[in-house]
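Colleague: File name data-v4.txt; file contents compact mmCIF, C-alpha atoms and all ligand atoms; full text below.
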# COMPACT_ATOMS: atom_id res chain seq x y z
CA MET A 1 -2.81 20.25 19.23
CA LYS A 2 -1.25 16.80 19.46
CA CYS A 3 -1.84 14.11 16.86
CA LEU A 4 -0.89 10.49 17.45
CA THR A 5 -0.30 8.49 14.28
CA VAL A 6 -0.46 4.68 14.22
CA ILE A 7 1.54 2.99 11.47
CA GLY A 8 2.93 -0.52 11.10
CA ALA A 9 2.99 -1.84 7.54
CA ARG A 10 5.04 -0.87 4.47
CA PRO A 11 2.39 1.18 2.63
CA GLN A 12 1.68 3.14 5.80
CA PHE A 13 5.26 4.38 6.08
CA ILE A 14 5.02 5.56 2.48
CA LYS A 15 1.68 7.31 3.16
CA ALA A 16 2.81 8.84 6.48
CA ALA A 17 5.98 10.43 5.08
CA PRO A 18 4.41 13.56 3.50
CA VAL A 19 1.89 13.98 6.33
CA SER A 20 4.70 13.90 8.92
CA ARG A 21 6.48 16.61 6.96
CA ALA A 22 3.33 18.70 6.81
CA PHE A 23 2.81 18.36 10.59
CA ALA A 24 6.40 19.45 11.20
CA ALA A 25 6.02 22.40 8.81
CA ALA A 26 2.86 23.50 10.64
CA GLY A 27 4.60 23.20 14.04
CA ILE A 28 2.11 20.56 15.23
CA GLU A 29 3.25 17.88 17.65
CA GLN A 30 3.03 14.40 16.15
CA VAL A 31 3.55 11.21 18.11
CA LEU A 32 4.39 8.24 15.90
CA VAL A 33 3.48 4.75 17.08
CA HIS A 34 4.92 1.82 15.10
CA THR A 35 2.99 -1.37 15.84
CA GLY A 36 5.77 -3.55 14.41
CA GLN A 37 3.42 -5.34 11.98
CA HIS A 38 6.28 -5.12 9.46
CA TYR A 39 9.69 -5.41 11.02
CA ASP A 40 12.38 -6.52 8.52
CA PHE A 41 14.78 -3.71 7.58
CA GLU A 42 13.60 -3.70 3.96
CA MET A 43 9.91 -3.71 4.99
CA SER A 44 10.22 -0.90 7.54
CA GLU A 45 13.43 0.94 8.48
CA VAL A 46 14.48 1.59 4.87
CA PHE A 47 11.40 3.81 4.42
CA PHE A 48 12.12 5.81 7.58
CA GLN A 49 15.64 6.44 6.28
CA GLU A 50 14.86 7.16 2.62
CA LEU A 51 11.72 9.21 3.20
CA GLU A 52 13.09 10.95 6.30
CA ILE A 53 10.25 9.91 8.59
CA PRO A 54 11.04 10.79 12.22
CA PRO A 55 11.74 7.75 14.41
CA PRO A 56 8.64 6.43 16.18
CA ARG A 57 8.23 7.50 19.81
CA HIS A 58 6.72 4.09 20.58
CA SER A 59 7.74 0.85 18.84
CA LEU A 60 5.48 -1.97 19.93
CA GLY A 61 7.11 -4.88 18.07
CA LEU A 62 3.80 -6.72 17.65
CA GLY A 63 4.11 -8.31 14.17
CA GLY A 64 3.27 -11.90 13.24
CA GLY A 65 0.49 -14.29 14.21
CA THR A 66 -3.11 -14.65 13.17
CA HIS A 67 -5.33 -11.63 12.46
CA GLY A 68 -7.12 -11.87 15.80
CA ALA A 69 -3.97 -12.38 17.84
CA MET A 70 -2.08 -9.59 16.06
CA THR A 71 -4.95 -7.08 16.19
CA GLY A 72 -5.68 -7.95 19.83
CA ARG A 73 -2.07 -7.40 20.91
CA MET A 74 -2.00 -4.09 19.04
CA LEU A 75 -5.28 -2.93 20.61
CA GLU A 76 -3.89 -3.54 24.07
CA GLY A 77 -0.57 -1.83 23.32
CA ILE A 78 -2.12 1.22 21.64
CA GLU A 79 -4.80 1.60 24.33
CA LYS A 80 -2.08 1.86 26.99
CA ILE A 81 -0.23 4.58 25.08
CA LEU A 82 -3.43 6.53 24.36
CA SER A 83 -4.52 6.39 28.00
CA GLU A 84 -1.23 7.91 29.07
CA ASP A 85 -0.71 10.31 26.15
CA ARG A 86 -4.31 11.55 25.50
CA PRO A 87 -3.74 13.07 22.02
CA ASP A 88 -6.34 15.34 20.38
CA TRP A 89 -6.45 13.08 17.31
CA VAL A 90 -5.49 9.57 16.32
CA LEU A 91 -4.52 9.31 12.67
CA VAL A 92 -4.59 5.98 10.80
CA TYR A 93 -3.88 5.06 7.18
CA GLY A 94 -5.36 2.55 4.78
CA ASP A 95 -6.68 -0.86 5.71
CA THR A 96 -4.22 -3.05 7.61
CA ASN A 97 -4.60 -4.67 11.01
CA SER A 98 -2.59 -1.73 12.43
CA THR A 99 -5.21 0.65 10.98
CA LEU A 100 -8.10 -1.14 12.64
CA ALA A 101 -6.33 -1.54 15.98
CA GLY A 102 -5.44 2.18 16.10
CA ALA A 103 -8.96 3.30 15.16
CA LEU A 104 -10.72 0.94 17.56
CA ALA A 105 -8.47 1.70 20.52
CA ALA A 106 -8.99 5.45 20.02
CA ALA A 107 -12.76 5.27 19.44
CA LYS A 108 -13.28 3.28 22.65
CA LEU A 109 -11.38 5.98 24.56
CA HIS A 110 -13.48 8.70 22.86
CA ILE A 111 -10.44 10.14 21.10
CA PRO A 112 -11.42 11.42 17.63
CA VAL A 113 -10.16 9.26 14.76
CA CYS A 114 -8.92 10.55 11.43
CA HIS A 115 -8.78 7.99 8.59
CA VAL A 116 -6.60 8.72 5.57
CA GLU A 117 -7.50 6.83 2.37
CA SER A 118 -11.05 6.47 3.59
CA GLY A 119 -14.02 5.17 1.57
CA LEU A 120 -12.20 2.60 -0.55
CA ARG A 121 -14.26 -0.51 -1.22
CA SER A 122 -13.63 -3.76 -3.08
CA TRP A 123 -17.08 -5.08 -2.05
CA ASN A 124 -15.31 -8.35 -1.21
CA ARG A 125 -15.76 -9.11 2.48
CA ARG A 126 -13.42 -12.11 2.24
CA MET A 127 -10.52 -9.66 2.10
CA PRO A 128 -9.12 -8.80 5.53
CA GLU A 129 -8.45 -5.30 4.20
CA GLU A 130 -12.15 -4.75 3.38
CA ILE A 131 -13.18 -5.63 6.95
CA ASN A 132 -10.48 -3.34 8.35
CA ARG A 133 -11.43 -0.36 6.18
CA VAL A 134 -15.20 -0.65 6.63
CA LEU A 135 -14.89 -0.86 10.43
CA THR A 136 -12.34 1.95 10.54
CA ASP A 137 -14.52 4.25 8.44
CA HIS A 138 -17.47 3.64 10.71
CA VAL A 139 -15.61 4.75 13.87
CA SER A 140 -13.83 7.69 12.24
CA ASN A 141 -14.63 11.37 12.80
CA ARG A 142 -12.61 12.80 9.91
CA LEU A 143 -12.51 10.76 6.70
CA PHE A 144 -10.03 11.90 4.07
CA CYS A 145 -10.68 10.45 0.61
CA SER A 146 -8.48 10.01 -2.47
CA SER A 147 -11.32 10.18 -5.00
CA GLU A 148 -14.92 11.26 -5.49
CA LEU A 149 -15.88 7.59 -5.76
CA ALA A 150 -14.59 7.01 -2.22
CA VAL A 151 -16.75 9.93 -1.02
CA GLU A 152 -19.72 8.32 -2.79
CA ASN A 153 -18.98 4.90 -1.25
CA LEU A 154 -19.13 6.46 2.21
CA ARG A 155 -22.38 8.27 1.39
CA ARG A 156 -23.92 4.92 0.38
CA GLU A 157 -23.11 3.67 3.88
CA GLY A 158 -24.66 6.74 5.50
CA ILE A 159 -21.37 8.50 6.28
CA THR A 160 -21.32 12.14 5.20
CA ALA A 161 -20.15 14.11 8.26
CA GLY A 162 -16.40 14.75 8.41
CA VAL A 163 -15.81 13.46 4.87
CA GLU A 164 -13.38 15.41 2.70
CA MET A 165 -11.88 14.74 -0.70
CA VAL A 166 -8.22 15.78 -0.38
CA GLY A 167 -6.47 13.59 -2.97
CA ASP A 168 -4.10 10.71 -2.37
CA VAL A 169 -1.14 11.07 -0.01
CA MET A 170 0.75 8.46 -2.06
CA ALA A 171 0.75 10.99 -4.91
CA ASP A 172 2.55 13.38 -2.55
CA THR A 173 5.19 10.74 -1.75
CA ASN A 174 5.53 9.79 -5.39
CA LYS A 175 6.07 13.40 -6.44
CA LEU A 176 8.67 13.89 -3.71
CA ALA A 177 10.47 10.65 -4.57
CA GLN A 178 10.57 11.50 -8.28
CA GLU A 179 12.38 14.73 -7.37
CA VAL A 180 14.90 12.95 -5.10
CA VAL A 181 15.54 10.21 -7.65
CA ALA A 182 15.99 12.72 -10.48
CA GLY A 183 18.87 14.29 -8.55
CA ARG A 184 20.52 11.05 -7.39
CA SER A 185 19.51 8.44 -9.96
CA ALA A 186 23.00 6.93 -10.41
CA GLU A 187 23.21 6.10 -6.71
CA PHE A 188 19.80 4.42 -6.63
CA TRP A 189 20.31 2.63 -9.92
CA LYS A 190 23.38 1.00 -8.44
CA ALA A 191 21.29 -0.29 -5.53
CA ALA A 192 18.61 -1.51 -7.95
CA ASN A 193 21.32 -3.56 -9.66
CA PRO A 194 20.85 -2.63 -13.34
CA ASP A 195 23.10 -5.54 -14.48
CA MET A 196 20.27 -7.94 -13.91
CA LEU A 197 17.78 -5.97 -16.03
CA ALA A 198 16.90 -6.82 -19.62
CA ASP A 199 15.98 -4.02 -22.03
CA GLU A 200 12.36 -4.90 -21.49
CA PHE A 201 10.98 -6.26 -18.23
CA ALA A 202 7.81 -6.52 -16.20
CA LEU A 203 7.81 -5.50 -12.54
CA LEU A 204 5.97 -7.99 -10.33
CA THR A 205 4.73 -7.78 -6.75
CA LEU A 206 2.47 -10.40 -5.23
CA HIS A 207 1.53 -10.77 -1.59
CA ARG A 208 -2.21 -10.56 -1.01
CA ALA A 209 -3.63 -13.36 1.14
CA GLU A 210 -6.30 -14.22 -1.46
CA ASN A 211 -3.44 -15.14 -3.84
CA THR A 212 -0.70 -16.54 -1.60
CA ASP A 213 -2.96 -18.40 0.84
CA ASP A 214 -5.13 -20.07 -1.81
CA PRO A 215 -2.92 -22.97 -2.97
CA VAL A 216 -4.85 -23.56 -6.21
CA ARG A 217 -4.85 -19.92 -7.29
CA PHE A 218 -1.26 -19.40 -6.15
CA ARG A 219 0.00 -22.41 -8.14
CA ALA A 220 -1.94 -21.28 -11.22
CA LEU A 221 -0.46 -17.79 -10.94
CA VAL A 222 3.09 -19.15 -10.63
CA GLU A 223 2.54 -21.44 -13.65
CA GLN A 224 1.37 -18.50 -15.73
CA LEU A 225 4.24 -16.29 -14.57
CA ASN A 226 6.67 -19.09 -15.43
CA SER A 227 5.27 -19.20 -18.96
CA LEU A 228 5.86 -15.49 -19.74
CA ASN A 229 8.14 -14.44 -22.58
CA ILE A 230 9.45 -11.35 -20.84
CA GLN A 231 11.91 -10.87 -18.03
CA VAL A 232 10.14 -10.37 -14.71
CA VAL A 233 11.72 -8.46 -11.81
CA PHE A 234 10.15 -9.62 -8.57
CA PRO A 235 10.86 -8.04 -5.17
CA VAL A 236 9.46 -10.83 -3.01
CA HIS A 237 7.28 -10.00 0.01
CA PRO A 238 8.01 -12.16 3.10
CA ARG A 239 4.50 -13.67 2.97
CA THR A 240 5.13 -14.81 -0.59
CA ARG A 241 8.60 -16.19 0.15
CA LYS A 242 6.98 -18.38 2.80
CA ALA A 243 4.15 -19.43 0.44
CA LEU A 244 6.61 -20.43 -2.33
CA LEU A 245 8.47 -22.65 0.14
CA ARG A 246 5.29 -24.08 1.63
CA GLU A 247 3.85 -24.99 -1.79
CA GLU A 248 7.27 -26.17 -3.04
CA LEU A 249 7.01 -23.94 -6.11
CA SER A 250 9.99 -22.75 -8.10
CA LEU A 251 10.20 -19.81 -10.46
CA GLY A 252 11.55 -19.77 -14.04
CA ASP A 253 14.99 -18.31 -14.83
CA HIS A 254 13.38 -15.29 -16.50
CA ILE A 255 11.95 -14.30 -13.10
CA VAL A 256 14.62 -12.38 -11.21
CA THR A 257 13.77 -12.50 -7.51
CA ILE A 258 15.15 -9.83 -5.20
CA ASP A 259 14.50 -8.78 -1.62
CA PRO A 260 11.87 -6.06 -1.17
CA VAL A 261 13.40 -2.77 -2.27
CA GLY A 262 13.24 0.74 -0.83
CA TYR A 263 10.78 3.25 -2.25
CA LEU A 264 13.33 5.16 -4.33
CA GLU A 265 14.55 1.97 -6.04
CA MET A 266 10.93 1.08 -6.63
CA VAL A 267 10.35 4.42 -8.37
CA LEU A 268 13.31 3.70 -10.66
CA LEU A 269 12.18 0.15 -11.43
CA LEU A 270 8.67 1.39 -12.17
CA ASP A 271 10.03 4.05 -14.45
CA GLN A 272 11.90 1.45 -16.54
CA ALA A 273 9.31 -1.35 -16.54
CA ARG A 274 7.21 -2.05 -19.65
CA LEU A 275 4.43 -3.43 -17.52
CA VAL A 276 3.46 -3.85 -13.87
CA LEU A 277 1.98 -7.10 -12.59
CA THR A 278 0.69 -6.69 -9.06
CA ASP A 279 -1.89 -7.40 -6.41
CA SER A 280 -0.74 -4.37 -4.41
CA GLY A 281 -3.05 -1.43 -3.91
CA GLY A 282 -0.39 1.26 -3.98
CA LEU A 283 1.43 -0.04 -7.01
CA GLN A 284 -1.66 0.17 -9.23
CA LYS A 285 -1.73 3.93 -8.64
CA GLU A 286 2.02 4.34 -9.01
CA ALA A 287 1.93 2.45 -12.32
CA TYR A 288 -0.79 4.87 -13.46
CA TRP A 289 1.14 7.96 -12.36
CA GLY A 290 4.22 6.58 -14.16
CA LYS A 291 2.16 5.88 -17.32
CA THR A 292 3.04 2.17 -17.14
CA PRO A 293 0.29 -0.33 -18.01
CA CYS A 294 -0.77 -2.52 -15.09
CA LEU A 295 -2.26 -6.00 -14.86
CA THR A 296 -3.85 -6.41 -11.44
CA LEU A 297 -3.60 -9.99 -10.22
CA ARG A 298 -6.87 -9.92 -8.29
CA THR A 299 -10.56 -10.49 -8.86
CA GLU A 300 -11.43 -6.84 -8.28
CA THR A 301 -9.81 -3.52 -7.49
CA GLU A 302 -10.61 -0.52 -5.34
CA TRP A 303 -8.80 1.73 -7.84
CA VAL A 304 -11.47 1.42 -10.53
CA GLU A 305 -10.63 4.80 -12.09
CA THR A 306 -7.34 3.33 -13.40
CA VAL A 307 -9.32 0.52 -15.07
CA GLU A 308 -11.84 2.95 -16.57
CA ALA A 309 -8.93 4.99 -17.93
CA GLY A 310 -7.67 1.88 -19.76
CA TRP A 311 -4.30 1.66 -17.95
CA ASN A 312 -5.21 -1.17 -15.57
CA VAL A 313 -6.70 -4.58 -16.36
CA VAL A 314 -8.03 -6.81 -13.58
CA LEU A 315 -7.13 -10.46 -14.10
CA GLY A 316 -10.23 -11.87 -12.37
CA ASP A 317 -10.85 -15.58 -11.83
CA GLU A 318 -9.43 -16.67 -15.20
CA VAL A 319 -5.81 -17.00 -14.13
CA GLU A 320 -5.07 -18.91 -17.38
CA SER A 321 -5.56 -15.67 -19.32
CA LEU A 322 -2.58 -14.00 -17.60
CA ALA A 323 0.04 -14.76 -20.28
CA ASN A 324 -2.25 -13.56 -23.09
CA LEU A 325 -3.10 -10.37 -21.22
CA VAL A 326 0.62 -9.67 -20.76
CA ALA A 327 1.30 -10.27 -24.46
CA GLU A 328 -1.56 -7.95 -25.47
CA SER A 329 -0.76 -5.18 -22.98
CA GLU A 330 -0.26 -1.77 -24.62
CA PRO A 331 -0.25 1.72 -23.11
CA PRO A 332 -3.44 3.59 -24.06
CA ALA A 333 -3.13 6.78 -26.11
CA SER A 334 -4.63 9.10 -23.48
CA TRP A 335 -3.90 9.81 -19.83
CA GLU A 336 -5.65 12.13 -17.37
CA PRO A 337 -4.41 12.97 -13.85
CA LEU A 338 -6.07 10.90 -11.12
CA TYR A 339 -6.14 10.96 -7.32
CA GLY A 340 -5.15 14.53 -6.65
CA ASP A 341 -2.29 16.88 -7.28
CA GLY A 342 0.33 15.69 -4.79
CA ASN A 343 -0.73 18.18 -2.09
CA ALA A 344 -3.05 15.96 -0.04
CA ALA A 345 -0.91 16.03 3.13
CA GLY A 346 -1.08 19.81 3.43
CA ARG A 347 -4.87 19.69 3.12
CA ILE A 348 -5.15 17.02 5.82
CA VAL A 349 -3.00 18.93 8.29
CA ALA A 350 -4.82 22.18 7.52
CA ALA A 351 -8.20 20.48 8.07
CA LEU A 352 -7.10 19.04 11.42
CA SER A 353 -5.66 22.37 12.56
CA ILE A 354 -9.03 24.17 12.43
C1 LIG B 1 -0.28 -6.57 5.33
C2 LIG B 1 -1.70 -6.05 5.14
C3 LIG B 1 -2.00 -5.90 3.65
C4 LIG B 1 -0.95 -5.03 2.98
C5 LIG B 1 0.44 -5.55 3.29
C6 LIG B 1 1.45 -4.57 2.77
C7 LIG B 1 -3.29 -6.83 6.86
C8 LIG B 1 -4.43 -7.69 7.14
N1 LIG B 1 -2.68 -7.00 5.67
O1 LIG B 1 -0.22 -7.86 4.73
O2 LIG B 1 -3.25 -5.23 3.51
O3 LIG B 1 -1.18 -5.05 1.60
O4 LIG B 1 0.62 -5.68 4.70
O5 LIG B 1 2.67 -5.15 2.51
O6 LIG B 1 -2.93 -6.01 7.68
N2 LIG B 1 6.61 -10.77 7.69
C9 LIG B 1 7.98 -10.86 7.80
N3 LIG B 1 8.68 -9.70 7.86
C10 LIG B 1 8.11 -8.47 7.84
C11 LIG B 1 6.72 -8.42 7.70
C12 LIG B 1 5.99 -9.57 7.62
O7 LIG B 1 8.54 -11.94 7.83
O8 LIG B 1 8.81 -7.45 7.93
C13 LIG B 1 5.83 -12.01 7.65
C14 LIG B 1 4.92 -12.10 8.88
O9 LIG B 1 5.56 -12.69 9.93
C15 LIG B 1 3.76 -12.90 8.35
C16 LIG B 1 3.69 -12.54 6.87
O10 LIG B 1 4.93 -11.94 6.55
O11 LIG B 1 4.02 -14.26 8.46
C17 LIG B 1 2.55 -11.62 6.58
O12 LIG B 1 2.64 -10.42 7.33
P1 LIG B 1 1.31 -9.63 7.79
O13 LIG B 1 1.71 -8.32 8.37
O14 LIG B 1 0.46 -10.53 8.62
O15 LIG B 1 0.50 -9.42 6.47
P2 LIG B 1 0.94 -8.88 5.05
O16 LIG B 1 0.80 -9.97 4.05
O17 LIG B 1 2.25 -8.20 5.14
N1 LIG B 2 7.00 -1.07 -2.48
C1 LIG B 2 8.35 -0.84 -2.21
N2 LIG B 2 9.22 -1.88 -2.34
C2 LIG B 2 8.84 -3.13 -2.72
C3 LIG B 2 7.46 -3.34 -3.00
C4 LIG B 2 6.57 -2.29 -2.86
O1 LIG B 2 8.73 0.28 -1.87
O2 LIG B 2 9.68 -4.01 -2.80
C5 LIG B 2 6.05 0.04 -2.34
C6 LIG B 2 5.19 0.30 -3.56
O3 LIG B 2 5.89 1.10 -4.48
C7 LIG B 2 4.00 0.99 -2.93
C8 LIG B 2 3.87 0.31 -1.60
O4 LIG B 2 5.12 -0.31 -1.34
O5 LIG B 2 4.28 2.36 -2.68
C9 LIG B 2 2.79 -0.72 -1.67
O6 LIG B 2 2.82 -1.50 -0.55
P1 LIG B 2 2.32 -2.99 -0.53
O7 LIG B 2 2.24 -3.52 -1.89
O8 LIG B 2 3.16 -3.68 0.47
O9 LIG B 2 0.88 -2.84 0.13
P2 LIG B 2 -0.54 -2.45 -0.48
O10 LIG B 2 -0.41 -1.21 -1.26
O11 LIG B 2 -1.00 -3.61 -1.29
O12 LIG B 2 -1.39 -2.30 0.73
Spit out the file's structure as structure tokens when you get a sec.

Modeller:
Amino acid sequence: MKCLTVIGARPQFIKAAPVSRAFAAAGIEQVLVHTGQHYDFEMSEVFFQELEIPPPRHSLGLGGGTHGAMTGRMLEGIEKILSEDRPDWVLVYGDTNSTLAGALAAAKLHIPVCHVESGLRSWNRRMPEEINRVLTDHVSNRLFCSSELAVENLRREGITAGVEMVGDVMADTNKLAQEVVAGRSAEFWKAANPDMLADEFALLTLHRAENTDDPVRFRALVEQLNSLNIQVVFPVHPRTRKALLREELSLGDHIVTIDPVGYLEMVLLLDQARLVLTDSGGLQKEAYWGKTPCLTLRTETEWVETVEAGWNVVLGDEVESLANLVAESEPPASWEPLYGDGNAAGRIVAALSI
């Protein structure tokens, strides 16, 4: 069996790491295709190095541009590789433009598609990610879900064949990274630059288009963040760096901006943070696994179980309430495991091997 995996954006490297290991352990040939959607060292290569992902066999270098232009270039590039390589499966992760391009190229060539992190829904079709994940699910043959709710979401759309609840592959990566960091924490702490950290800080990530590309909402968010009475550590995504320049916004001195960090540094920062402020999908789960309260800077979330558990609050439209929500944030008394046991990758590879 040969499986061709299409990845291209930061969260996909993090998701692919344990699955690549599981393929190697099972002796199954895996061809990695990197679309190049993310291309800076700290958005791409650092994850290959830290998480020991094998180098991609094909690097397409197709990042940048509008959604249509980027997805179109990827479709063309992936189609060419698939026509020559003819894998038994094409594996895609999550909900980026790379996900959709990989799934669509394969489906049109009648190559079975396997979607990892299938069935997530925000029910907000203005999000590019929602379009990407709905379309990908509907052309997929095997749909691996992180939660029972995702399975139910698919059922509501008439998709039941090939659906399997395996748990979340990010839990696998998180578990692995915790073990690595535990053994080498001094080394990674040095990279995370502990001198800049106050005793108590909030970890911030912000990059979603519905925040950065809406000038009114983006300005309101920055104003609220500037008014916080806690140090904020902010690894800045390239999209956000551009948006701050474009809107001529500056950040308060209590907001320590750094370049995006590798996954192991992120695990350390998360471990020390009092609170996570984020519009990222992955970080909401990682905050939960690390028992750190999270304020999600969006109008809805796909990871509703974390909200129901009391560990995640969704900001919504009332951006002005951000500072109060931060001040009031407290870890709840109880915590139950969510999104699997950290062995999702093994289940995926086993399911594809049958
Ligand atoms: C993409 C995904 C989003 C995901 C995020 C993860 C889509 C539609 N969106 O958003 O779901 O949460 O990745 O981080 O696929 N850029 C650089 N250097 C890089 C990468 C990007 O400068 O290494 C710049 C690009 O040129 C572009 C901007 O950042 O101007 C946005 O990149 P893009 O890949 O279009 O979208 P993301 O916001 O990263
Ligand atoms: N992440 C990281 N370094 C950073 C910011 C995020 O390693 O500077 C990790 C984060 O821990 C999570 C993943 O990137 O595992 C989330 O990716 P991102 O927020 O880019 O995308 P999303 O999850 O929103 O699709």

Colleague: Could you check which of A:Ala69, A:Ala25, A:Leu322, A:Met43 is closest to Val261 (chain A), using only C-alpha atoms?

Modeller: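 So, comparing all the options, the nearest one is A:Met43.
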
Colleague: In Å, rounded to a single decimal, give me how far CA of Val236 (chain A) is from CA of His67 (chain A).

Modeller: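 Interatomic distance, CA of His67 (chain A) to CA of Val236 (chain A): 21.4 Å.
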
Colleague: Around ligand LIG 2 (chain B), at most 7 Å away and counting all atoms listed in the file, which residues are there? Put them as a PyMOL selection string, please.

Modeller: chain A and resi 10-11+14+205+235-236+259-263+266-267+279-283+286

Colleague: Which residue out of A:Trp303, A:Phe218, A:Trp289, A:Phe13 has the minimum interatomic distance to Arg246 (chain A) when all atoms listed in the file are used?

Modeller: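 For Arg246 (chain A), the nearest of the candidates is A:Phe218.
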
Colleague: Name the closest residue to ligand LIG 1 (chain B) among the candidates A:Gly183, A:Gly310, A:Pro238, A:Pro56; distances are taken between atoms, counting all atoms listed in the file.

Modeller: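 Comparing A:Gly183, A:Gly310, A:Pro238, A:Pro56 against ligand LIG 1 (chain B), the winner is A:Pro238.
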
Colleague: Using all atoms listed in the file, can you tell me which of A:Glu45, A:Val19, A:Arg86, A:Val92 comes closest to Thr5 (chain A)?

Modeller: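 Going through A:Glu45, A:Val19, A:Arg86, A:Val92 one by one, the smallest distance to Thr5 (chain A) is for A:Val92.
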
Colleague: Region 126-137 of chain A: which residues within 7 Å, counting all atoms listed in the file, same-chain residues fewer than 3 positions away excluded, as a ChimeraX atom specification?

Modeller: /A:94-97,100,103,115,118-119,121-122,140

Colleague: How far is it from CA of Met1 (chain A) to CA of Leu32 (chain A), in Å with one decimal?

Modeller: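 A separation of 14.4 Å between them.
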